[in-house]
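Next comes upload.pdb, a file with PDB, N, CA and C atoms, pLDDT in the B column.
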ATOM      1  N   MET A 507      92.085 227.614-126.395  1.00 87.00           N
ATOM      2  CA  MET A 507      91.730 227.522-124.992  1.00 87.00           C
ATOM      3  C   MET A 507      92.701 226.597-124.252  1.00 87.00           C
ATOM      4  N   GLU A 508      93.140 225.545-124.914  1.00 90.00           N
ATOM      5  CA  GLU A 508      94.059 224.628-124.251  1.00 90.00           C
ATOM      6  C   GLU A 508      95.350 225.337-123.840  1.00 90.00           C
ATOM      7  N   ALA A 509      95.902 226.152-124.732  1.00 93.00           N
ATOM      8  CA  ALA A 509      97.137 226.871-124.419  1.00 93.00           C
ATOM      9  C   ALA A 509      96.934 227.837-123.256  1.00 93.00           C
ATOM     10  N   ILE A 510      95.795 228.508-123.239  1.00 94.00           N
ATOM     11  CA  ILE A 510      95.494 229.442-122.150  1.00 94.00           C
ATOM     12  C   ILE A 510      95.394 228.695-120.825  1.00 94.00           C
ATOM     13  N   MET A 511      94.631 227.595-120.817  1.00 93.00           N
ATOM     14  CA  MET A 511      94.458 226.836-119.568  1.00 93.00           C
ATOM     15  C   MET A 511      95.785 226.246-119.094  1.00 93.00           C
ATOM     16  N   ASN A 512      96.616 225.770-120.018  1.00 94.00           N
ATOM     17  CA  ASN A 512      97.914 225.215-119.618  1.00 94.00           C
ATOM     18  C   ASN A 512      98.854 226.293-119.099  1.00 94.00           C
ATOM     19  N   HIS A 513      98.649 227.532-119.515  1.00 96.00           N
ATOM     20  CA  HIS A 513      99.443 228.635-118.988  1.00 96.00           C
ATOM     21  C   HIS A 513      98.965 229.018-117.579  1.00 96.00           C
ATOM     22  N   ILE A 514      97.653 229.020-117.384  1.00 96.00           N
ATOM     23  CA  ILE A 514      97.082 229.394-116.084  1.00 96.00           C
ATOM     24  C   ILE A 514      97.340 228.315-115.037  1.00 96.00           C
ATOM     25  N   VAL A 515      97.120 227.054-115.423  1.00 96.00           N
ATOM     26  CA  VAL A 515      97.273 225.923-114.488  1.00 96.00           C
ATOM     27  C   VAL A 515      98.325 224.982-115.069  1.00 96.00           C
ATOM     28  N   LYS A 516      99.518 225.043-114.547  1.00 94.00           N
ATOM     29  CA  LYS A 516     100.633 224.256-115.068  1.00 94.00           C
ATOM     30  C   LYS A 516     100.707 222.881-114.400  1.00 94.00           C
ATOM     31  N   GLU A 517     101.271 221.935-115.120  1.00 92.00           N
ATOM     32  CA  GLU A 517     101.515 220.606-114.560  1.00 92.00           C
ATOM     33  C   GLU A 517     102.835 220.606-113.793  1.00 92.00           C
ATOM     34  N   ARG A 518     102.985 219.618-112.931  1.00 91.00           N
ATOM     35  CA  ARG A 518     104.232 219.358-112.191  1.00 91.00           C
ATOM     36  C   ARG A 518     104.672 220.510-111.292  1.00 91.00           C
ATOM     37  N   GLU A 519     103.711 221.234-110.720  1.00 92.00           N
ATOM     38  CA  GLU A 519     104.073 222.293-109.777  1.00 92.00           C
ATOM     39  C   GLU A 519     104.370 221.664-108.415  1.00 92.00           C
ATOM     40  N   PRO A 520     105.362 222.155-107.697  1.00 91.00           N
ATOM     41  CA  PRO A 520     105.756 221.530-106.429  1.00 91.00           C
ATOM     42  C   PRO A 520     104.708 221.655-105.324  1.00 91.00           C
ATOM     43  N   TYR A 521     103.754 222.572-105.457  1.00 91.00           N
ATOM     44  CA  TYR A 521     102.754 222.758-104.402  1.00 91.00           C
ATOM     45  C   TYR A 521     101.565 221.814-104.544  1.00 91.00           C
ATOM     46  N   TYR A 522     101.494 221.005-105.592  1.00 89.00           N
ATOM     47  CA  TYR A 522     100.414 220.020-105.704  1.00 89.00           C
ATOM     48  C   TYR A 522     100.668 218.889-104.721  1.00 89.00           C
ATOM     49  N   GLU A 523      99.676 218.569-103.931  1.00 84.00           N
ATOM     50  CA  GLU A 523      99.808 217.483-102.965  1.00 84.00           C
ATOM     51  C   GLU A 523      99.235 216.172-103.487  1.00 84.00           C
ATOM     52  N   HIS A 524      98.306 216.236-104.409  1.00 76.00           N
ATOM     53  CA  HIS A 524      97.648 215.056-104.964  1.00 76.00           C
ATOM     54  C   HIS A 524      98.461 214.591-106.167  1.00 76.00           C
ATOM     55  N   THR A 525      99.327 213.595-106.005  1.00 71.00           N
ATOM     56  CA  THR A 525     100.258 213.209-107.069  1.00 71.00           C
ATOM     57  C   THR A 525     100.205 211.735-107.445  1.00 71.00           C
ATOM     58  N   LEU A 526      99.286 210.970-106.886  1.00 81.00           N
ATOM     59  CA  LEU A 526      99.292 209.521-107.105  1.00 81.00           C
ATOM     60  C   LEU A 526      98.817 209.105-108.497  1.00 81.00           C
ATOM     61  N   GLU A 527      98.077 209.925-109.187  1.00 87.00           N
ATOM     62  CA  GLU A 527      97.484 209.511-110.465  1.00 87.00           C
ATOM     63  C   GLU A 527      98.154 210.141-111.671  1.00 87.00           C
ATOM     64  N   GLY A 528      99.284 210.743-111.516  1.00 88.00           N
ATOM     65  CA  GLY A 528      99.985 211.338-112.644  1.00 88.00           C
ATOM     66  C   GLY A 528     100.056 212.847-112.536  1.00 88.00           C
ATOM     67  N   SER A 529     100.988 213.427-113.282  1.00 89.00           N
ATOM     68  CA  SER A 529     101.234 214.860-113.175  1.00 89.00           C
ATOM     69  C   SER A 529     100.110 215.708-113.760  1.00 89.00           C
ATOM     70  N   ASP A 530      99.206 215.087-114.535  1.00 91.00           N
ATOM     71  CA  ASP A 530      98.101 215.852-115.118  1.00 91.00           C
ATOM     72  C   ASP A 530      96.833 215.797-114.271  1.00 91.00           C
ATOM     73  N   ASP A 531      96.826 215.011-113.199  1.00 92.00           N
ATOM     74  CA  ASP A 531      95.591 214.803-112.429  1.00 92.00           C
ATOM     75  C   ASP A 531      95.185 216.031-111.619  1.00 92.00           C
ATOM     76  N   MET A 532      96.072 216.571-110.806  1.00 93.00           N
ATOM     77  CA  MET A 532      95.716 217.727-109.986  1.00 93.00           C
ATOM     78  C   MET A 532      95.437 218.958-110.847  1.00 93.00           C
ATOM     79  N   PRO A 533      96.232 219.231-111.884  1.00 94.00           N
ATOM     80  CA  PRO A 533      95.870 220.346-112.758  1.00 94.00           C
ATOM     81  C   PRO A 533      94.500 220.143-113.419  1.00 94.00           C
ATOM     82  N   ALA A 534      94.132 218.915-113.728  1.00 93.00           N
ATOM     83  CA  ALA A 534      92.816 218.648-114.315  1.00 93.00           C
ATOM     84  C   ALA A 534      91.699 219.016-113.341  1.00 93.00           C
ATOM     85  N   HIS A 535      91.889 218.727-112.063  1.00 93.00           N
ATOM     86  CA  HIS A 535      90.891 219.118-111.050  1.00 93.00           C
ATOM     87  C   HIS A 535      90.747 220.643-110.997  1.00 93.00           C
ATOM     88  N   ALA A 536      91.881 221.330-111.012  1.00 94.00           N
ATOM     89  CA  ALA A 536      91.850 222.796-110.939  1.00 94.00           C
ATOM     90  C   ALA A 536      91.178 223.391-112.181  1.00 94.00           C
ATOM     91  N   LYS A 537      91.516 222.901-113.360  1.00 95.00           N
ATOM     92  CA  LYS A 537      90.921 223.401-114.601  1.00 95.00           C
ATOM     93  C   LYS A 537      89.421 223.137-114.623  1.00 95.00           C
ATOM     94  N   CYS A 538      89.015 221.976-114.175  1.00 93.00           N
ATOM     95  CA  CYS A 538      87.593 221.638-114.141  1.00 93.00           C
ATOM     96  C   CYS A 538      86.835 222.583-113.211  1.00 93.00           C
ATOM     97  N   SER A 539      87.446 222.940-112.096  1.00 94.00           N
ATOM     98  CA  SER A 539      86.762 223.847-111.168  1.00 94.00           C
ATOM     99  C   SER A 539      86.603 225.244-111.770  1.00 94.00           C
ATOM    100  N   LEU A 540      87.495 225.634-112.672  1.00 93.00           N
ATOM    101  CA  LEU A 540      87.373 226.924-113.347  1.00 93.00           C
ATOM    102  C   LEU A 540      86.250 226.919-114.386  1.00 93.00           C
ATOM    103  N   PHE A 541      86.062 225.789-115.059  1.00 90.00           N
ATOM    104  CA  PHE A 541      85.042 225.692-116.100  1.00 90.00           C
ATOM    105  C   PHE A 541      83.678 225.292-115.557  1.00 90.00           C
ATOM    106  N   GLY A 542      83.643 224.516-114.488  1.00 88.00           N
ATOM    107  CA  GLY A 542      82.378 224.013-113.968  1.00 88.00           C
ATOM    108  C   GLY A 542      82.009 222.685-114.619  1.00 88.00           C
ATOM    109  N   VAL A 543      81.008 222.037-114.045  1.00 86.00           N
ATOM    110  CA  VAL A 543      80.638 220.704-114.525  1.00 86.00           C
ATOM    111  C   VAL A 543      79.224 220.632-115.074  1.00 86.00           C
ATOM    112  N   SER A 544      78.537 221.754-115.112  1.00 89.00           N
ATOM    113  CA  SER A 544      77.177 221.741-115.657  1.00 89.00           C
ATOM    114  C   SER A 544      76.859 223.097-116.264  1.00 89.00           C
ATOM    115  N   LEU A 545      75.823 223.129-117.091  1.00 90.00           N
ATOM    116  CA  LEU A 545      75.380 224.391-117.659  1.00 90.00           C
ATOM    117  C   LEU A 545      73.890 224.316-117.936  1.00 90.00           C
ATOM    118  N   THR A 546      73.297 225.474-118.072  1.00 91.00           N
ATOM    119  CA  THR A 546      71.877 225.598-118.371  1.00 91.00           C
ATOM    120  C   THR A 546      71.740 226.336-119.693  1.00 91.00           C
ATOM    121  N   ILE A 547      70.983 225.753-120.610  1.00 91.00           N
ATOM    122  CA  ILE A 547      70.781 226.353-121.924  1.00 91.00           C
ATOM    123  C   ILE A 547      69.284 226.439-122.176  1.00 91.00           C
ATOM    124  N   PRO A 548      68.775 227.612-122.505  1.00 91.00           N
ATOM    125  CA  PRO A 548      67.348 227.713-122.802  1.00 91.00           C
ATOM    126  C   PRO A 548      67.011 227.041-124.135  1.00 91.00           C
ATOM    127  N   ILE A 549      65.832 226.432-124.188  1.00 91.00           N
ATOM    128  CA  ILE A 549      65.325 225.828-125.413  1.00 91.00           C
ATOM    129  C   ILE A 549      64.045 226.560-125.775  1.00 91.00           C
ATOM    130  N   THR A 550      63.987 227.064-127.000  1.00 92.00           N
ATOM    131  CA  THR A 550      62.822 227.799-127.483  1.00 92.00           C
ATOM    132  C   THR A 550      62.315 227.115-128.749  1.00 92.00           C
ATOM    133  N   ASN A 551      61.047 226.752-128.751  1.00 92.00           N
ATOM    134  CA  ASN A 551      60.446 226.068-129.912  1.00 92.00           C
ATOM    135  C   ASN A 551      61.242 224.840-130.329  1.00 92.00           C
ATOM    136  N   GLY A 552      61.727 224.079-129.330  1.00 89.00           N
ATOM    137  CA  GLY A 552      62.435 222.832-129.609  1.00 89.00           C
ATOM    138  C   GLY A 552      63.865 222.985-130.079  1.00 89.00           C
ATOM    139  N   ARG A 553      64.422 224.194-130.023  1.00 91.00           N
ATOM    140  CA  ARG A 553      65.795 224.431-130.468  1.00 91.00           C
ATOM    141  C   ARG A 553      66.600 225.111-129.361  1.00 91.00           C
ATOM    142  N   LEU A 554      67.914 224.822-129.346  1.00 91.00           N
ATOM    143  CA  LEU A 554      68.774 225.507-128.391  1.00 91.00           C
ATOM    144  C   LEU A 554      68.746 227.000-128.689  1.00 91.00           C
ATOM    145  N   ASN A 555      68.547 227.789-127.677  1.00 94.00           N
ATOM    146  CA  ASN A 555      68.436 229.240-127.842  1.00 94.00           C
ATOM    147  C   ASN A 555      69.765 229.873-127.425  1.00 94.00           C
ATOM    148  N   MET A 556      70.720 229.823-128.355  1.00 94.00           N
ATOM    149  CA  MET A 556      72.049 230.370-128.082  1.00 94.00           C
ATOM    150  C   MET A 556      72.388 231.412-129.127  1.00 94.00           C
ATOM    151  N   GLY A 557      73.349 232.263-128.810  1.00 93.00           N
ATOM    152  CA  GLY A 557      73.789 233.297-129.732  1.00 93.00           C
ATOM    153  C   GLY A 557      74.584 232.723-130.892  1.00 93.00           C
ATOM    154  N   THR A 558      74.825 233.552-131.867  1.00 93.00           N
ATOM    155  CA  THR A 558      75.528 233.144-133.086  1.00 93.00           C
ATOM    156  C   THR A 558      76.883 232.516-132.799  1.00 93.00           C
ATOM    157  N   TRP A 559      77.642 233.093-131.873  1.00 93.00           N
ATOM    158  CA  TRP A 559      79.007 232.627-131.624  1.00 93.00           C
ATOM    159  C   TRP A 559      79.115 231.729-130.406  1.00 93.00           C
ATOM    160  N   GLN A 560      77.996 231.308-129.869  1.00 92.00           N
ATOM    161  CA  GLN A 560      78.021 230.421-128.702  1.00 92.00           C
ATOM    162  C   GLN A 560      78.058 228.967-129.148  1.00 92.00           C
ATOM    163  N   GLY A 561      78.639 228.135-128.323  1.00 90.00           N
ATOM    164  CA  GLY A 561      78.709 226.713-128.603  1.00 90.00           C
ATOM    165  C   GLY A 561      78.817 225.937-127.305  1.00 90.00           C
ATOM    166  N   ILE A 562      78.712 224.626-127.402  1.00 90.00           N
ATOM    167  CA  ILE A 562      78.850 223.736-126.251  1.00 90.00           C
ATOM    168  C   ILE A 562      80.083 222.883-126.506  1.00 90.00           C
ATOM    169  N   TYR A 563      80.994 222.862-125.553  1.00 87.00           N
ATOM    170  CA  TYR A 563      82.240 222.127-125.710  1.00 87.00           C
ATOM    171  C   TYR A 563      82.437 221.191-124.525  1.00 87.00           C
ATOM    172  N   LEU A 564      82.850 219.979-124.809  1.00 87.00           N
ATOM    173  CA  LEU A 564      83.223 219.022-123.774  1.00 87.00           C
ATOM    174  C   LEU A 564      84.740 219.058-123.668  1.00 87.00           C
ATOM    175  N   CYS A 565      85.246 219.445-122.511  1.00 89.00           N
ATOM    176  CA  CYS A 565      86.688 219.580-122.321  1.00 89.00           C
ATOM    177  C   CYS A 565      87.226 218.395-121.530  1.00 89.00           C
ATOM    178  N   GLU A 566      88.318 217.832-121.994  1.00 91.00           N
ATOM    179  CA  GLU A 566      89.025 216.784-121.266  1.00 91.00           C
ATOM    180  C   GLU A 566      90.341 217.376-120.801  1.00 91.00           C
ATOM    181  N   PHE A 567      90.543 217.447-119.495  1.00 92.00           N
ATOM    182  CA  PHE A 567      91.734 218.089-118.956  1.00 92.00           C
ATOM    183  C   PHE A 567      92.846 217.112-118.614  1.00 92.00           C
ATOM    184  N   ARG A 568      92.578 215.816-118.663  1.00 92.00           N
ATOM    185  CA  ARG A 568      93.645 214.827-118.486  1.00 92.00           C
ATOM    186  C   ARG A 568      94.315 214.605-119.827  1.00 92.00           C
ATOM    187  N   ASN A 569      95.589 214.286-119.807  1.00 90.00           N
ATOM    188  CA  ASN A 569      96.294 214.003-121.057  1.00 90.00           C
ATOM    189  C   ASN A 569      95.750 212.755-121.736  1.00 90.00           C
ATOM    190  N   TYR A 570      95.369 211.761-120.938  1.00 86.00           N
ATOM    191  CA  TYR A 570      94.809 210.519-121.462  1.00 86.00           C
ATOM    192  C   TYR A 570      93.562 210.178-120.662  1.00 86.00           C
ATOM    193  N   GLY A 571      92.523 210.963-120.832  1.00 85.00           N
ATOM    194  CA  GLY A 571      91.284 210.783-120.078  1.00 85.00           C
ATOM    195  C   GLY A 571      90.551 209.513-120.487  1.00 85.00           C
ATOM    196  N   GLY A 572      89.746 209.023-119.585  1.00 85.00           N
ATOM    197  CA  GLY A 572      88.953 207.830-119.847  1.00 85.00           C
ATOM    198  C   GLY A 572      87.628 208.168-120.503  1.00 85.00           C
ATOM    199  N   ALA A 573      86.751 207.180-120.540  1.00 90.00           N
ATOM    200  CA  ALA A 573      85.430 207.367-121.139  1.00 90.00           C
ATOM    201  C   ALA A 573      84.612 208.367-120.318  1.00 90.00           C
ATOM    202  N   ARG A 574      83.792 209.149-120.989  1.00 87.00           N
ATOM    203  CA  ARG A 574      82.933 210.128-120.330  1.00 87.00           C
ATOM    204  C   ARG A 574      81.496 209.916-120.773  1.00 87.00           C
ATOM    205  N   LYS A 575      80.558 210.293-119.934  1.00 89.00           N
ATOM    206  CA  LYS A 575      79.142 210.242-120.276  1.00 89.00           C
ATOM    207  C   LYS A 575      78.561 211.634-120.131  1.00 89.00           C
ATOM    208  N   ILE A 576      77.632 211.964-121.006  1.00 89.00           N
ATOM    209  CA  ILE A 576      76.946 213.236-120.943  1.00 89.00           C
ATOM    210  C   ILE A 576      75.498 212.961-120.546  1.00 89.00           C
ATOM    211  N   VAL A 577      75.003 213.697-119.560  1.00 91.00           N
ATOM    212  CA  VAL A 577      73.625 213.553-119.117  1.00 91.00           C
ATOM    213  C   VAL A 577      72.897 214.848-119.418  1.00 91.00           C
ATOM    214  N   ALA A 578      71.786 214.752-120.132  1.00 89.00           N
ATOM    215  CA  ALA A 578      70.966 215.926-120.440  1.00 89.00           C
ATOM    216  C   ALA A 578      69.645 215.786-119.687  1.00 89.00           C
ATOM    217  N   THR A 579      69.321 216.789-118.884  1.00 89.00           N
ATOM    218  CA  THR A 579      68.047 216.827-118.170  1.00 89.00           C
ATOM    219  C   THR A 579      67.267 218.010-118.715  1.00 89.00           C
ATOM    220  N   ILE A 580      66.079 217.733-119.230  1.00 85.00           N
ATOM    221  CA  ILE A 580      65.281 218.788-119.848  1.00 85.00           C
ATOM    222  C   ILE A 580      64.050 219.034-118.986  1.00 85.00           C
ATOM    223  N   TYR A 581      63.872 220.285-118.558  1.00 81.00           N
ATOM    224  CA  TYR A 581      62.702 220.695-117.793  1.00 81.00           C
ATOM    225  C   TYR A 581      61.757 221.437-118.715  1.00 81.00           C
ATOM    226  N   GLU A 582      60.498 221.136-118.592  1.00 70.00           N
ATOM    227  CA  GLU A 582      59.504 221.801-119.427  1.00 70.00           C
ATOM    228  C   GLU A 582      58.695 222.783-118.639  1.00 70.00           C
TER     229      GLU A 582
END

Rewritten as structure tokens:
Amino acid sequence: MEAIMNHIVKEREPYYEHTLEGSDDMPAHAKCSLFGVSLTIPITNGRLNMGTWQGIYLCEFRNYGGARKIVATIYE
């Protein structure tokens, strides 16, 4: 997935206007907007109800990203 995303959204493109935080910052914003920042997963009988080949991945789009926190909100 990293190779695909780096092909779709390249670093150091001349049309990026947001350049103060490094060449990976604006591409990271674009990649994040493609993936989204939240998801909904059904829980059945106390277990994640996902398909065999499904998974949950935390993606870091900066080359040297900082600390991240994950927040889980469960509705019953």

Please expand the PyMOL selection byres ((chain A and resi 533) around 8) into the concrete residues it hits in this file, giving the result as JSON, numbers by chain. {"A": [515, 516, 517, 518, 519, 522, 524, 528, 529, 530, 531, 532, 534, 535, 536, 537, 538, 539, 567, 568]}

Any chance you could list, as number ranges by chain, the residues in chain A that come up strand (DSSP E) when DSSP is run on the backbone? A: 549-550, 553-554

Work out how far apart atom N of Tyr570 in chain A and CA of Ile547 in chain A are and give it in Å to one decimal.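 So the answer is 28.6 Å.
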
What does the distance between atom C of Ile580 in chain A and CA of Thr550 in chain A come to in Å, to one decimal place?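 The value is 12.3 Å.
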
Using DSSP assignments from the backbone, pull out every residue in chain A that falls under alpha helix (DSSP H) and give it to me as number ranges by chain. A: 508-514, 531-541

Between CA of Glu582 in chain A and CA of Thr546 in chain A, what distance in Å does the model show, to one decimal?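 If I compute the distance from CA of Glu582 in chain A to CA of Thr546 in chain A, I get 13.0 Å.
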